[in-house]
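Accompanying notes for the structure given below.
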Amino acid sequence: MSQEQINEAIAKEYAAGFVTQIESDTLPPGLDEDVIRFISGRKNEPEWLLEWRLEAYRSWCEMAEPEWAHVHYPEIDFNTISYFSSPKSMEDRPKSLDEVDPELLETYEKLGIPLHEQEMLAGVAVDAVFDSVSVATTFREKLAEAGVIFCSISEAVHEYPDLVRKHLGSVVPRKDNFYAALNSAVFSDGSFVYIPKGVRCPMELSTYFRINEANTGQFERTLIVADEGSHVSYLEGCTAPMRDENQVHAAVVELVALDNAEIKYSTVQNWYPGDAEGKGGIYNFVTKRGVAHTNAKISWTQVETGSAVTWKYPSCILRGDNSVGEFYSVALTNNFQQADTGTKMIHLGKNTRSTIISKGISAGKSSNAYRGLVRMSPKATGARNYTQCDSLLIGDRCAAHTFPYIESRNPSAVIEHEATTSKVSDDQLYLCLQRGLDAEKAVSMIVNGFCKEVFKELPMEFAVEAGKLLEVSLEGSVG
Amino acid sequence: MLSIKDLHASVDGKTILNGLSLTVNPGEVHAIMGPNGSGKSTLGHVLAGRPGYEAISGSVEFLGQNLLELETEERAHLGLFLAFQYPVEIPGVSNMEFLKASVDAARKERGEPALDAVTFMKMAREASKIVDLDPAFLKRGVNEGFSGGEKKRNELMQMMLLEPKLAIMDETDSGLDIDALQVVANGVNSMRNKDRSFILVTHYQRLLNFIEPDFVHVLSGGKIVRSGDKSLALELEERGYAWVADEVA
């Protein structure tokens, strides 16, 4: 029902974008070394970065798209994608919320998003930008006082070249995988964060408040470095439906937690999932990984409800002794969505610990897979892992899969794995209905209860929104 | 309040109720007794609108409305409450959250605003005291890890907060020790008034020592075969169900 209209609106937007792109400098579709030189040149990048990109490109040319994931989609022709386009001009944007698709506004309403944020999300020109800039400015001043660097990665390349050069690709090497190589070659923009030694970042950092953000594009690159003894919590995305005319997204996120540092990275992903018939939607191929040095801690929390295809495994390399890795995930698929998501916990140091809590919810005709690797290296004496992997099915046409991989090369390591699969039972629904709740409210309540262990890891304001997001995403999943 | 006329109903295609008629007036307490498989629980579920429980013929009028045409939740909004024989668990959903959502749903239907959290918390704490349930249970998942007796008392607490017009209690006494039985009976008795009616479905006369019914009905083969006052229950206790069944045959 509503999906169709959203789709229609997206189609419209795309058509509009196509026509006006002629006036801006957009590259024709296709990828070769000249395209990469063009991107690098437009960004005025130093020679080393151009070389870095080119080498990634050359590796990518020799790589094949991974096929092991439990997802199915038509082959992607990477030569039909345009790898550079400048942000939409002001004239091209809606002038006010009156020009925005009412269906989209209704969703914002349901999620309880304030008016000025709605304008920002819908890309409304003028006033909204003024508003967010002023917020962002005060935000920046406060961070500067603490010595925290939070800017776009393009900016960081010029302002903090040593830091970027030292850490870029240090966690996710350029040749790591097909999508990471592609991202390394053509990444558009993204965030850079540096927390100095011993500093506790005074606020949650959110992509949401970062300025220069209008068009981070489909190949986003994020690098977060937490120096010794520092602490940072980073929020990516927002609960509002994100719309983008680019179908293929391949982001890379790298986290470096030096000795005694802690990074908490929370994601809410709500890209356009395609319509109820399975047409359209974003293909989301993400590589996220963090390295934890001695006594450091990296914690990933994700709530994934969007995208037609999700391929994503936020991972931790527990390099230092006593380092800690955590992965808390809620992945919800509805209609024809497909998700293959999970994590990798690579235990290298002694007494390293990791926790994996994964909650997969499948509704409609969707398919939801958990794929996780726990590896205990020979030196990981005393390492421990606890994995809990629960699947919840709604209806009888969806699927849930679990692919756990466990490799232990150290006899003292302890690995625990628990997995459950359950259905929203008719009896549970009946109890709720008998108490006067309607079916949708009942299902969303049951699902929220199922996800509780993960939601409590989210920053407060996100947790409330995430609950509402599940409710909206589950609409129409019960007869 | 409730008028059931010649009700035939099936569960998954199998006919269970065969021409059941029953009238319940405001303020009355009716006990429905009968042997296993006579259709006692089915009656409760057909009235509450459990999916899969279908009325084939006959009529049920509740507060002037055709009950059989209403959705399960609409029946609840009208003031029909079923205390379950086997309350299910809903892991992770706190009892408090669940109770508040149910009470607010009913209030919304009546055009009343949702209760604020503090007021509701107070109400819930009081109700938990009456049913002798530690207020800590309010924070736990719905029925999650509750003992049999705790689940039954939790049902009773929900009933007290929802203040139904008609409460159907499906073998609420089964599996309760004598102290818990007393607690449940006290809860029900405290809620009795001239406008609220109860249907107590039970196997045993024991419950009726604590909750005095106005009428006792014996269900057999899907219909009421005998009705009387509370003395009928005592007679049943003495002579067994076979006596009624034989007499009907």
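Each chain in the structure tokens gets a letter, A, B, ..., in the order shown, and its residues are numbered from 1; ligands are numbered from 1 in order too.
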
Give me the residues near Leu143 (chain A) as a list in words, where near means some atom within 12 Å (using only C-alpha atoms) and where sequence neighbours in that chain fewer than 3 positions away do not count.
Ala136, Thr137, Thr138, Phe139, Arg140, Ala146, Gly147, Val148, Ile149, Phe150, Cys151, Val193, Tyr194, Ile195, Pro196, Val199, Arg200, Cys201, Pro202, Met203, Glu204, Leu205 and Val232 of chain A

Output of the above residues as a PDB file, in the first residue's frame, restricted to C-alpha atoms:
```pdb
ATOM      1  CA  ALA A 136      26.576  21.924  14.619  1.00  0.00           C
ATOM      2  CA  THR A 137      28.656  25.001  15.347  1.00  0.00           C
ATOM      3  CA  THR A 138      28.059  24.967  19.096  1.00  0.00           C
ATOM      4  CA  PHE A 139      28.648  21.264  18.953  1.00  0.00           C
ATOM      5  CA  ARG A 140      32.021  21.756  17.286  1.00  0.00           C
ATOM      6  CA  ALA A 146      38.177  18.768  24.564  1.00  0.00           C
ATOM      7  CA  GLY A 147      40.603  18.389  21.673  1.00  0.00           C
ATOM      8  CA  VAL A 148      38.331  16.003  19.831  1.00  0.00           C
ATOM      9  CA  ILE A 149      38.539  16.032  16.058  1.00  0.00           C
ATOM     10  CA  PHE A 150      35.273  15.321  14.275  1.00  0.00           C
ATOM     11  CA  CYS A 151      35.099  16.239  10.623  1.00  0.00           C
ATOM     12  CA  VAL A 193      37.118  11.096  14.473  1.00  0.00           C
ATOM     13  CA  TYR A 194      40.175  11.394  16.685  1.00  0.00           C
ATOM     14  CA  ILE A 195      39.969  11.329  20.461  1.00  0.00           C
ATOM     15  CA  PRO A 196      43.221  12.415  22.148  1.00  0.00           C
ATOM     16  CA  VAL A 199      39.975  12.207  26.815  1.00  0.00           C
ATOM     17  CA  ARG A 200      36.431  11.147  27.379  1.00  0.00           C
ATOM     18  CA  CYS A 201      34.453  12.600  24.488  1.00  0.00           C
ATOM     19  CA  PRO A 202      31.990  15.037  26.126  1.00  0.00           C
ATOM     20  CA  MET A 203      29.027  13.991  23.979  1.00  0.00           C
ATOM     21  CA  GLU A 204      27.715  11.308  21.695  1.00  0.00           C
ATOM     22  CA  LEU A 205      29.065  11.897  18.226  1.00  0.00           C
ATOM     23  CA  VAL A 232      33.926   7.732  22.539  1.00  0.00           C
TER      24      VAL A 232
END
```

Interface list for chain B, partner chain A, 10 Å threshold, only C-alpha atoms, as a short mmCIF file (atom, residue, chain, number, x, y, z; two decimals) with N, CA and C atoms, in the first residue's frame:
```cif
data_model
loop_
_atom_site.label_atom_id
_atom_site.label_comp_id
_atom_site.auth_asym_id
_atom_site.auth_seq_id
_atom_site.Cartn_x
_atom_site.Cartn_y
_atom_site.Cartn_z
N HIS B 45 -13.56 -19.61 25.29
CA HIS B 45 -12.80 -19.14 24.13
C HIS B 45 -13.71 -18.66 23.00
N ALA B 48 -14.73 -15.26 24.00
CA ALA B 48 -13.63 -14.29 23.93
C ALA B 48 -13.17 -14.06 22.49
N GLY B 49 -13.51 -14.99 21.58
CA GLY B 49 -13.13 -14.81 20.18
C GLY B 49 -11.76 -15.34 19.85
N ARG B 50 -11.43 -16.51 20.36
CA ARG B 50 -10.13 -17.08 20.03
C ARG B 50 -10.12 -17.55 18.57
N PRO B 51 -9.08 -17.17 17.81
CA PRO B 51 -9.01 -17.61 16.42
C PRO B 51 -9.09 -19.14 16.34
N GLU B 71 -14.52 -8.34 16.69
CA GLU B 71 -13.14 -8.85 16.76
C GLU B 71 -12.79 -9.15 18.21
N THR B 72 -11.79 -9.99 18.38
CA THR B 72 -11.36 -10.37 19.72
C THR B 72 -11.11 -9.14 20.60
N GLU B 73 -10.34 -8.17 20.06
CA GLU B 73 -9.99 -7.00 20.90
C GLU B 73 -11.20 -6.11 21.15
N GLU B 74 -12.17 -6.12 20.19
CA GLU B 74 -13.37 -5.30 20.40
C GLU B 74 -14.21 -5.86 21.55
N ARG B 75 -14.22 -7.19 21.64
CA ARG B 75 -14.95 -7.82 22.75
C ARG B 75 -14.30 -7.42 24.07
N ALA B 76 -12.97 -7.38 24.06
CA ALA B 76 -12.26 -6.97 25.27
C ALA B 76 -12.59 -5.53 25.62
N HIS B 77 -12.63 -4.67 24.59
CA HIS B 77 -12.93 -3.26 24.85
C HIS B 77 -14.32 -3.08 25.46
N LEU B 78 -15.25 -3.96 25.06
CA LEU B 78 -16.62 -3.88 25.59
C LEU B 78 -16.67 -4.27 27.07
N GLY B 79 -15.62 -4.93 27.54
CA GLY B 79 -15.60 -5.30 28.95
C GLY B 79 -15.67 -6.79 29.20
N LEU B 80 -15.27 -7.59 28.19
CA LEU B 80 -15.24 -9.03 28.39
C LEU B 80 -13.81 -9.45 28.70
N PHE B 81 -13.64 -10.16 29.77
CA PHE B 81 -12.30 -10.57 30.19
C PHE B 81 -12.27 -12.08 30.39
N LEU B 82 -11.21 -12.70 29.89
CA LEU B 82 -11.03 -14.13 30.10
C LEU B 82 -9.74 -14.37 30.87
N ALA B 83 -9.88 -14.96 32.04
CA ALA B 83 -8.68 -15.35 32.79
C ALA B 83 -8.30 -16.74 32.29
N PHE B 84 -7.07 -16.84 31.77
CA PHE B 84 -6.67 -18.08 31.09
C PHE B 84 -6.34 -19.21 32.05
N TYR B 86 -4.16 -21.55 31.11
CA TYR B 86 -2.71 -21.67 30.97
C TYR B 86 -2.14 -20.37 30.41
N PRO B 87 -1.89 -19.37 31.26
CA PRO B 87 -1.40 -18.08 30.76
C PRO B 87 -0.03 -18.26 30.08
N VAL B 88 0.13 -17.70 28.87
CA VAL B 88 1.40 -17.85 28.15
C VAL B 88 2.42 -16.81 28.61
N GLU B 89 3.68 -17.10 28.33
CA GLU B 89 4.76 -16.17 28.65
C GLU B 89 5.04 -15.27 27.45
N ILE B 90 5.34 -14.01 27.71
CA ILE B 90 5.83 -13.14 26.64
C ILE B 90 7.18 -12.60 27.10
N PRO B 91 8.26 -13.26 26.75
CA PRO B 91 9.57 -12.89 27.26
C PRO B 91 9.98 -11.47 26.86
N GLY B 92 10.58 -10.79 27.81
CA GLY B 92 11.13 -9.46 27.52
C GLY B 92 10.12 -8.32 27.62
N VAL B 93 8.82 -8.63 27.55
CA VAL B 93 7.82 -7.57 27.67
C VAL B 93 7.44 -7.47 29.14
N SER B 94 7.73 -6.34 29.75
CA SER B 94 7.47 -6.27 31.19
C SER B 94 5.97 -6.29 31.46
N GLU B 97 4.46 -2.88 31.41
CA GLU B 97 4.26 -2.34 30.07
C GLU B 97 3.02 -2.97 29.44
N PHE B 98 2.90 -4.28 29.60
CA PHE B 98 1.78 -5.02 29.03
C PHE B 98 0.46 -4.57 29.64
N LEU B 99 0.46 -4.46 30.97
CA LEU B 99 -0.75 -4.05 31.66
C LEU B 99 -1.17 -2.64 31.28
N ALA B 101 -0.46 -1.02 28.55
CA ALA B 101 -0.94 -1.01 27.17
C ALA B 101 -2.38 -1.52 27.10
N SER B 102 -2.69 -2.57 27.87
CA SER B 102 -4.07 -3.09 27.83
C SER B 102 -5.05 -2.09 28.42
N VAL B 103 -4.68 -1.53 29.55
CA VAL B 103 -5.59 -0.57 30.20
C VAL B 103 -5.79 0.65 29.31
N ASP B 104 -4.69 1.13 28.71
CA ASP B 104 -4.79 2.30 27.84
C ASP B 104 -5.63 2.01 26.59
N ALA B 105 -5.51 0.78 26.07
CA ALA B 105 -6.30 0.43 24.88
C ALA B 105 -7.78 0.50 25.20
N ALA B 106 -8.15 0.00 26.39
CA ALA B 106 -9.55 0.03 26.79
C ALA B 106 -10.01 1.48 27.02
N ARG B 107 -9.14 2.26 27.64
CA ARG B 107 -9.49 3.67 27.90
C ARG B 107 -9.67 4.44 26.60
N GLU B 109 -10.70 3.31 23.79
CA GLU B 109 -12.00 2.95 23.22
C GLU B 109 -13.13 3.71 23.89
N GLY B 141 9.17 -10.04 32.93
CA GLY B 141 8.46 -10.31 31.68
C GLY B 141 7.11 -10.95 31.98
N VAL B 142 6.13 -10.73 31.11
CA VAL B 142 4.78 -11.26 31.31
C VAL B 142 4.83 -12.78 31.53
N GLN B 158 -4.51 -8.56 36.40
CA GLN B 158 -4.92 -7.93 35.15
C GLN B 158 -6.42 -7.64 35.16
N MET B 159 -7.17 -8.58 35.68
CA MET B 159 -8.62 -8.41 35.75
C MET B 159 -8.97 -7.20 36.61
N LEU B 162 -8.21 -4.02 34.68
CA LEU B 162 -9.05 -3.80 33.49
C LEU B 162 -10.52 -3.58 33.85
#
```

What are the closest atom pairs, with distances in Å to one decimal, for each residue of region 52-117 of chain B lying within 10 Å of region 15-18 of chain B, using only C-alpha atoms, rows by chain and rising residue number, as a Markdown table?
```
| residue | atom | partner | partner_atom | distance |
| --- | --- | --- | --- | --- |
| B:Tyr53 | CA | B:Ile16 | CA | 9.6 |
| B:Glu54 | CA | B:Thr15 | CA | 9.2 |
| B:Ala55 | CA | B:Leu17 | CA | 8.7 |
| B:Ile56 | CA | B:Thr15 | CA | 8.7 |
| B:Ser57 | CA | B:Asn18 | CA | 9.4 |
| B:Gly58 | CA | B:Asn18 | CA | 9.7 |
```

Same residues, C-alpha atoms, saved as a PDB file, in the first residue's frame:
```pdb
ATOM      1  CA  TYR B  53     -12.989 -21.271  17.608  1.00  0.00           C
ATOM      2  CA  GLU B  54     -16.001 -20.730  15.416  1.00  0.00           C
ATOM      3  CA  ALA B  55     -19.659 -20.339  16.156  1.00  0.00           C
ATOM      4  CA  ILE B  56     -21.681 -22.342  13.619  1.00  0.00           C
ATOM      5  CA  SER B  57     -25.155 -21.283  14.623  1.00  0.00           C
ATOM      6  CA  GLY B  58     -27.069 -19.689  17.428  1.00  0.00           C
TER       7      GLY B  58
END
```

Return as an MDAnalysis selection string the full set of residues in region 40-155 of chain B whose backbone-based DSSP assignment is alpha helix (DSSP H).
chainID B and resid 40:48 72:78 95:109 117:130 148:155

Generate a file of the selected residues that holds N, CA and C atoms, formatted as a compact mmCIF listing (two decimals), in the first residue's frame.
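Wrote it out as again_23.txt, contents follow:
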```
# COMPACT_ATOMS: atom_id res chain seq x y z
N LYS B 40 -16.37 -26.89 28.46
CA LYS B 40 -16.32 -25.74 29.39
C LYS B 40 -15.36 -24.65 28.90
N SER B 41 -14.12 -25.07 28.63
CA SER B 41 -13.13 -24.08 28.19
C SER B 41 -13.48 -23.53 26.82
N THR B 42 -14.03 -24.40 25.95
CA THR B 42 -14.42 -23.95 24.61
C THR B 42 -15.41 -22.79 24.71
N LEU B 43 -16.33 -22.90 25.61
CA LEU B 43 -17.32 -21.83 25.78
C LEU B 43 -16.61 -20.50 26.03
N GLY B 44 -15.65 -20.52 26.96
CA GLY B 44 -14.91 -19.29 27.28
C GLY B 44 -14.21 -18.73 26.06
N HIS B 45 -13.56 -19.61 25.29
CA HIS B 45 -12.80 -19.14 24.13
C HIS B 45 -13.71 -18.66 23.00
N VAL B 46 -14.85 -19.30 22.83
CA VAL B 46 -15.78 -18.85 21.79
C VAL B 46 -16.29 -17.45 22.15
N LEU B 47 -16.58 -17.26 23.41
CA LEU B 47 -17.07 -15.94 23.84
C LEU B 47 -15.97 -14.88 23.68
N ALA B 48 -14.73 -15.26 24.00
CA ALA B 48 -13.63 -14.29 23.93
C ALA B 48 -13.17 -14.06 22.49
N THR B 72 -11.79 -9.99 18.38
CA THR B 72 -11.36 -10.37 19.72
C THR B 72 -11.11 -9.14 20.60
N GLU B 73 -10.34 -8.17 20.06
CA GLU B 73 -9.99 -7.00 20.90
C GLU B 73 -11.20 -6.11 21.15
N GLU B 74 -12.17 -6.12 20.19
CA GLU B 74 -13.37 -5.30 20.40
C GLU B 74 -14.21 -5.86 21.55
N ARG B 75 -14.22 -7.19 21.64
CA ARG B 75 -14.95 -7.82 22.75
C ARG B 75 -14.30 -7.42 24.07
N ALA B 76 -12.97 -7.38 24.06
CA ALA B 76 -12.26 -6.97 25.27
C ALA B 76 -12.59 -5.53 25.62
N HIS B 77 -12.63 -4.67 24.59
CA HIS B 77 -12.93 -3.26 24.85
C HIS B 77 -14.32 -3.08 25.46
N LEU B 78 -15.25 -3.96 25.06
CA LEU B 78 -16.62 -3.88 25.59
C LEU B 78 -16.67 -4.27 27.07
N ASN B 95 5.64 -6.92 32.56
CA ASN B 95 4.27 -7.03 33.01
C ASN B 95 3.62 -5.65 33.04
N MET B 96 4.39 -4.70 33.56
CA MET B 96 3.92 -3.32 33.71
C MET B 96 3.54 -2.73 32.36
N GLU B 97 4.46 -2.88 31.41
CA GLU B 97 4.26 -2.34 30.07
C GLU B 97 3.02 -2.97 29.44
N PHE B 98 2.90 -4.28 29.60
CA PHE B 98 1.78 -5.02 29.03
C PHE B 98 0.46 -4.57 29.64
N LEU B 99 0.46 -4.46 30.97
CA LEU B 99 -0.75 -4.05 31.66
C LEU B 99 -1.17 -2.64 31.28
N LYS B 100 -0.19 -1.75 31.20
CA LYS B 100 -0.52 -0.37 30.89
C LYS B 100 -1.07 -0.28 29.46
N ALA B 101 -0.46 -1.02 28.55
CA ALA B 101 -0.94 -1.01 27.17
C ALA B 101 -2.38 -1.52 27.10
N SER B 102 -2.69 -2.57 27.87
CA SER B 102 -4.07 -3.09 27.83
C SER B 102 -5.05 -2.09 28.42
N VAL B 103 -4.68 -1.53 29.55
CA VAL B 103 -5.59 -0.57 30.20
C VAL B 103 -5.79 0.65 29.31
N ASP B 104 -4.69 1.13 28.71
CA ASP B 104 -4.79 2.30 27.84
C ASP B 104 -5.63 2.01 26.59
N ALA B 105 -5.51 0.78 26.07
CA ALA B 105 -6.30 0.43 24.88
C ALA B 105 -7.78 0.50 25.20
N ALA B 106 -8.15 0.00 26.39
CA ALA B 106 -9.55 0.03 26.79
C ALA B 106 -10.01 1.48 27.02
N ARG B 107 -9.14 2.26 27.64
CA ARG B 107 -9.49 3.67 27.90
C ARG B 107 -9.67 4.44 26.60
N LYS B 108 -8.82 4.15 25.65
CA LYS B 108 -8.88 4.82 24.36
C LYS B 108 -10.25 4.56 23.71
N GLU B 109 -10.70 3.31 23.79
CA GLU B 109 -12.00 2.95 23.22
C GLU B 109 -13.13 3.71 23.89
N ALA B 117 2.18 7.46 33.77
CA ALA B 117 2.91 6.31 34.30
C ALA B 117 2.84 6.23 35.83
N VAL B 118 2.89 7.38 36.49
CA VAL B 118 2.92 7.38 37.95
C VAL B 118 1.59 6.87 38.53
N THR B 119 0.48 7.41 37.99
CA THR B 119 -0.83 6.98 38.45
C THR B 119 -1.01 5.48 38.24
N PHE B 120 -0.59 5.04 37.05
CA PHE B 120 -0.78 3.64 36.75
C PHE B 120 0.05 2.75 37.67
N MET B 121 1.28 3.19 37.90
CA MET B 121 2.18 2.44 38.77
C MET B 121 1.54 2.24 40.14
N LYS B 122 0.91 3.29 40.63
CA LYS B 122 0.26 3.24 41.93
C LYS B 122 -0.88 2.21 41.91
N MET B 123 -1.70 2.30 40.87
CA MET B 123 -2.82 1.36 40.75
C MET B 123 -2.31 -0.09 40.70
N ALA B 124 -1.27 -0.27 39.91
CA ALA B 124 -0.75 -1.63 39.72
C ALA B 124 -0.17 -2.18 41.03
N ARG B 125 0.51 -1.32 41.76
CA ARG B 125 1.08 -1.75 43.04
C ARG B 125 -0.02 -2.18 44.01
N GLU B 126 -1.10 -1.40 44.01
CA GLU B 126 -2.20 -1.75 44.90
C GLU B 126 -2.82 -3.09 44.53
N ALA B 127 -3.03 -3.25 43.21
CA ALA B 127 -3.62 -4.51 42.75
C ALA B 127 -2.71 -5.68 43.10
N SER B 128 -1.40 -5.48 42.95
CA SER B 128 -0.47 -6.58 43.23
C SER B 128 -0.53 -6.97 44.70
N LYS B 129 -0.79 -5.98 45.55
CA LYS B 129 -0.91 -6.26 46.98
C LYS B 129 -2.12 -7.15 47.25
N ILE B 130 -3.23 -6.81 46.62
CA ILE B 130 -4.47 -7.57 46.85
C ILE B 130 -4.31 -9.03 46.43
N GLY B 148 3.00 -21.69 38.53
CA GLY B 148 1.60 -21.81 38.14
C GLY B 148 0.71 -20.88 38.93
N GLY B 149 0.92 -20.85 40.24
CA GLY B 149 0.11 -20.01 41.10
C GLY B 149 0.33 -18.53 40.83
N GLU B 150 1.59 -18.17 40.55
CA GLU B 150 1.89 -16.76 40.27
C GLU B 150 1.23 -16.31 38.97
N LYS B 151 1.20 -17.23 38.00
CA LYS B 151 0.54 -16.89 36.73
C LYS B 151 -0.94 -16.61 36.96
N LYS B 152 -1.58 -17.44 37.77
CA LYS B 152 -3.01 -17.27 38.02
C LYS B 152 -3.27 -15.95 38.75
N ARG B 153 -2.40 -15.64 39.71
CA ARG B 153 -2.59 -14.39 40.44
C ARG B 153 -2.33 -13.19 39.54
N ASN B 154 -1.41 -13.38 38.60
CA ASN B 154 -1.13 -12.32 37.63
C ASN B 154 -2.36 -12.07 36.75
N GLU B 155 -3.06 -13.13 36.38
CA GLU B 155 -4.30 -12.99 35.61
C GLU B 155 -5.32 -12.19 36.40
```

Coordinates-based distance that separates CA of Val256 (chain A) from CA of Glu145 (chain A) (Å, one decimal):
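We find that CA of Glu145 (chain A) and CA of Val256 (chain A) lie 22.2 Å from each other.
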
Applying 9 Å and only C-alpha atoms, which residues near Gln182 (chain B) remain after dropping the ones on its own chain fewer than 4 positions away? List them as a CSV table (one decimal) with N, CA and C atoms, in the first residue's frame.
```
chain,number,residue,atom,x,y,z
B,177,ASP,N,-2.9,-24.1,45.6
B,177,ASP,CA,-3.0,-24.6,46.9
B,177,ASP,C,-4.1,-23.8,47.6
B,178,ILE,N,-4.4,-24.2,48.8
B,178,ILE,CA,-5.6,-23.6,49.5
B,178,ILE,C,-5.4,-22.2,49.8
B,186,ASN,N,-10.8,-14.1,47.3
B,186,ASN,CA,-10.9,-12.7,47.9
B,186,ASN,C,-10.9,-11.7,46.8
B,187,GLY,N,-10.0,-11.9,45.9
B,187,GLY,CA,-9.9,-10.9,44.7
B,187,GLY,C,-11.2,-10.8,44.0
B,207,LEU,N,-13.8,-24.4,44.9
B,207,LEU,CA,-13.7,-22.9,44.7
B,207,LEU,C,-15.0,-22.2,45.2
B,210,PHE,N,-15.6,-20.7,48.5
B,210,PHE,CA,-15.0,-19.4,48.8
B,210,PHE,C,-15.8,-18.3,48.0
```

So which residues touch Gly229 (chain A) within 7 Å, counting only C-alpha atoms, skipping near sequence neighbours fewer than 2 positions away, as an MDAnalysis selection string?
chainID A and resid 197:198 227 231 259:261

Requested write-out: N, CA and C atoms of the selected residues, as a tab-separated table (two decimals), in the first residue's frame:
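Heads up, here's the output in out_5.tsv:
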```
chain	number	residue	atom	x	y	z
A	197	LYS	N	44.60	11.29	23.75
A	197	LYS	CA	44.91	10.47	24.92
A	197	LYS	C	44.11	10.88	26.15
A	198	GLY	N	43.53	9.91	26.79
A	198	GLY	CA	42.88	10.14	28.08
A	198	GLY	C	41.62	10.97	28.06
A	227	ASP	N	42.66	7.35	20.93
A	227	ASP	CA	44.02	7.23	21.46
A	227	ASP	C	43.99	6.63	22.87
A	231	HIS	N	37.77	7.62	25.31
A	231	HIS	CA	36.45	6.99	25.27
A	231	HIS	C	35.55	7.76	24.32
A	259	ASP	N	45.59	1.35	23.42
A	259	ASP	CA	45.57	0.79	24.77
A	259	ASP	C	44.57	1.50	25.69
A	260	ASN	N	43.80	0.72	26.40
A	260	ASN	CA	42.85	1.22	27.39
A	260	ASN	C	41.74	2.13	26.84
A	261	ALA	N	41.60	2.19	25.53
A	261	ALA	CA	40.56	3.06	24.96
A	261	ALA	C	39.26	2.27	24.78
```

Which residues, written as a list of chain:residue names, have at least one atom at most 6 Å from Ser367 (chain A), with only C-alpha atoms counted and residues fewer than 5 positions away on the same chain left out?
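Surrounding residues, per the criterion: A:Gln338, A:Cys398, A:Ala399, A:Ala400.
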
Would you compute the distance between CA of Leu474 (chain A) and CA of Leu68 (chain B)? Give it in Å to one decimal.
28.7 Å

Contacts of region 56-68 of chain A at 7 Å or less, counting only C-alpha atoms, minus same-chain residues fewer than 3 places along, as number ranges by chain?
A: 52-53, 174-175, 178, 181-182, 184-185

What does the distance between CA of Lys230 (chain B) and CA of Met33 (chain B) come to in Å, to one decimal place?
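We find that CA of Lys230 (chain B) and CA of Met33 (chain B) lie 11.4 Å from each other.
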
Per DSSP on the backbone, filter region 54-124 of chain B down to the residues in strand (DSSP E or B) and report them as a PyMOL selection string.
chain B and resi 54-62+65-66+80-83+90-94

Restricted to C-alpha atoms, what would the selected residues look like written as a PDB file, in the first residue's frame?
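Wrote it out as result01.pdb, contents follow:
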```pdb
ATOM      1  CA  GLU B  54     -16.001 -20.730  15.416  1.00  0.00           C
ATOM      2  CA  ALA B  55     -19.659 -20.339  16.156  1.00  0.00           C
ATOM      3  CA  ILE B  56     -21.681 -22.342  13.619  1.00  0.00           C
ATOM      4  CA  SER B  57     -25.155 -21.283  14.623  1.00  0.00           C
ATOM      5  CA  GLY B  58     -27.069 -19.689  17.428  1.00  0.00           C
ATOM      6  CA  SER B  59     -26.613 -16.185  18.829  1.00  0.00           C
ATOM      7  CA  VAL B  60     -24.699 -14.431  21.551  1.00  0.00           C
ATOM      8  CA  GLU B  61     -25.704 -10.994  22.678  1.00  0.00           C
ATOM      9  CA  PHE B  62     -23.436  -9.063  25.007  1.00  0.00           C
ATOM     10  CA  GLN B  65     -24.320  -6.130  20.749  1.00  0.00           C
ATOM     11  CA  ASN B  66     -23.976  -9.187  18.562  1.00  0.00           C
ATOM     12  CA  LEU B  80     -15.244  -9.027  28.394  1.00  0.00           C
ATOM     13  CA  PHE B  81     -12.303 -10.574  30.188  1.00  0.00           C
ATOM     14  CA  LEU B  82     -11.033 -14.133  30.096  1.00  0.00           C
ATOM     15  CA  ALA B  83      -8.684 -15.353  32.789  1.00  0.00           C
ATOM     16  CA  ILE B  90       5.831 -13.139  26.641  1.00  0.00           C
ATOM     17  CA  PRO B  91       9.574 -12.895  27.260  1.00  0.00           C
ATOM     18  CA  GLY B  92      11.129  -9.458  27.520  1.00  0.00           C
ATOM     19  CA  VAL B  93       7.816  -7.575  27.666  1.00  0.00           C
ATOM     20  CA  SER B  94       7.469  -6.273  31.189  1.00  0.00           C
TER      21      SER B  94
END
```

From the options A:Glu418, A:Cys389, A:Val309, A:Glu475, which residue's atoms come nearest to Gly364 (chain A), counting only C-alpha atoms?
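With only C-alpha atoms as the atom set, the closest residue is A:Glu475.
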
Contacts of Val216 (chain B) at 7 Å (only C-alpha atoms; same-chain gap of 4+ positions) as a PyMOL selection string:
chain B and resi 30-32+227-230+232-233

Given only C-alpha atoms as the counted atoms, nearest of B:Val29, B:Leu138, B:Met160, B:Ser197 to Val184 (chain B):
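Once distances to Val184 (chain B) are computed over only C-alpha atoms, the minimum belongs to B:Met160.
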